[in-house]
Amino acid sequence: MAALALALLLCVVSIAASLWLKEQVERVLFRWRSVPLLHAVNVVIIAAIVADMYYRLSGIDVYLRDLADINGFWYVFAGAMQLVFPLYLFSCWLVARRRGREKKYTRSKDKKVLYINERYLARRYRDDYRSKTS
């Protein structure tokens, strides 16, 4: 039971790290465009890490060369996928919500700035921003 609890903790930490890394990769390589394939890769990698850690914490040695012969590992991997997927979706939703709040401005479809977010200005100047026009 302790192995499952520690694997769950590792799952949460891995999700946070992989979402941060995904953001950085999108920023550097894809100019902030969302790449859905990175989500699928993240989920598979995290599930493999969680399944491997569960095996190691349970005292069962797993080596990459023996992975094809171990049938039980694939059952644990499928269970880890079922554990990771809802947590990953919830984390993605939280990150998208945070990103929407921290947006500096809102743009129209022709990429013109419609208005600047007042919360961004208040955070930037460290005081309560009040617009002169409203």
# chains A, B, ... in the order shown; residues from 1 in each chain; ligands from 1

call {"tool": "select_by_dssp", "arguments": {"residues": "range 39-108 of chain A", "states": "alpha helix (DSSP H)", "output": "compact mmCIF listing (two decimals) with C-alpha atoms, in the first residue's frame"}}
result
# COMPACT_ATOMS: atom_id res chain seq x y z
CA HIS A 39 -0.04 15.55 -24.22
CA ALA A 40 -0.17 11.94 -25.41
CA VAL A 41 3.59 11.56 -25.02
CA ASN A 42 3.43 13.04 -21.52
CA VAL A 43 0.70 10.64 -20.40
CA VAL A 44 2.54 7.57 -21.72
CA ILE A 45 5.87 8.62 -20.17
CA ILE A 46 4.31 9.42 -16.80
CA ALA A 47 2.41 6.11 -16.78
CA ALA A 48 5.62 4.21 -17.54
CA ILE A 49 7.44 6.04 -14.73
CA VAL A 50 4.64 5.36 -12.26
CA ALA A 51 4.40 1.66 -13.22
CA ASP A 52 8.16 1.22 -12.98
CA MET A 53 8.31 3.00 -9.63
CA TYR A 54 5.43 0.88 -8.31
CA TYR A 55 7.36 -2.25 -9.26
CA ARG A 56 10.59 -0.97 -7.71
CA LEU A 57 8.91 0.14 -4.48
CA SER A 58 7.12 -3.21 -4.23
CA ASN A 71 3.08 -9.87 -18.56
CA GLY A 72 2.23 -8.37 -15.20
CA PHE A 73 4.05 -5.14 -16.00
CA TRP A 74 1.66 -4.37 -18.83
CA TYR A 75 -1.31 -4.80 -16.47
CA VAL A 76 0.30 -2.41 -14.02
CA PHE A 77 1.06 -0.03 -16.90
CA ALA A 78 -2.61 -0.09 -17.96
CA GLY A 79 -3.63 0.60 -14.36
CA ALA A 80 -1.15 3.45 -14.16
CA MET A 81 -2.65 4.91 -17.34
CA GLN A 82 -6.06 4.83 -15.67
CA LEU A 83 -4.58 6.59 -12.66
CA VAL A 84 -2.60 9.18 -14.63
CA PHE A 85 -5.17 10.18 -17.25
CA PRO A 86 -7.81 11.83 -14.98
CA LEU A 87 -5.13 13.55 -12.91
CA TYR A 88 -3.45 14.80 -16.09
CA LEU A 89 -6.73 16.14 -17.49
CA PHE A 90 -7.49 17.95 -14.24
CA SER A 91 -3.97 19.42 -14.15
CA CYS A 92 -4.26 20.59 -17.76
CA TRP A 93 -7.55 22.28 -16.92
CA LEU A 94 -5.95 24.06 -13.95
CA VAL A 95 -2.99 25.21 -16.05
CA ALA A 96 -5.28 26.50 -18.82
CA ARG A 97 -7.35 28.37 -16.26
CA ARG A 98 -4.24 29.94 -14.74
CA ARG A 99 -2.92 30.87 -18.18
CA GLY A 100 -6.25 32.54 -19.03
CA ARG A 101 -6.12 34.62 -15.86

call {"tool": "residues_around", "arguments": {"residues": "Val35 in chain A", "least_positions_apart": "5", "cutoff": "10 Å", "atoms": "only C-alpha atoms", "output": "ChimeraX atom specification"}}
result
/A:22-23,25-26,30,40

call {"tool": "atom_distance", "arguments": {"atom1": "CA of Lys104 in chain A", "atom2": "CA of Val28 in chain A"}}
result
19.4 Å

call {"tool": "atom_distance", "arguments": {"atom1": "CA of Trp32 in chain A", "atom2": "CA of Tyr115 in chain A"}}
result
20.4 Å

call {"tool": "atom_distance", "arguments": {"atom1": "CA of Cys11 in chain A", "atom2": "CA of Ser34 in chain A"}}
result
22.8 Å

call {"tool": "select_by_dssp", "arguments": {"residues": "range 17-126 of chain A", "states": "strand (DSSP E or B)", "output": "ChimeraX atom specification"}}
result
/A:105-107,113-116
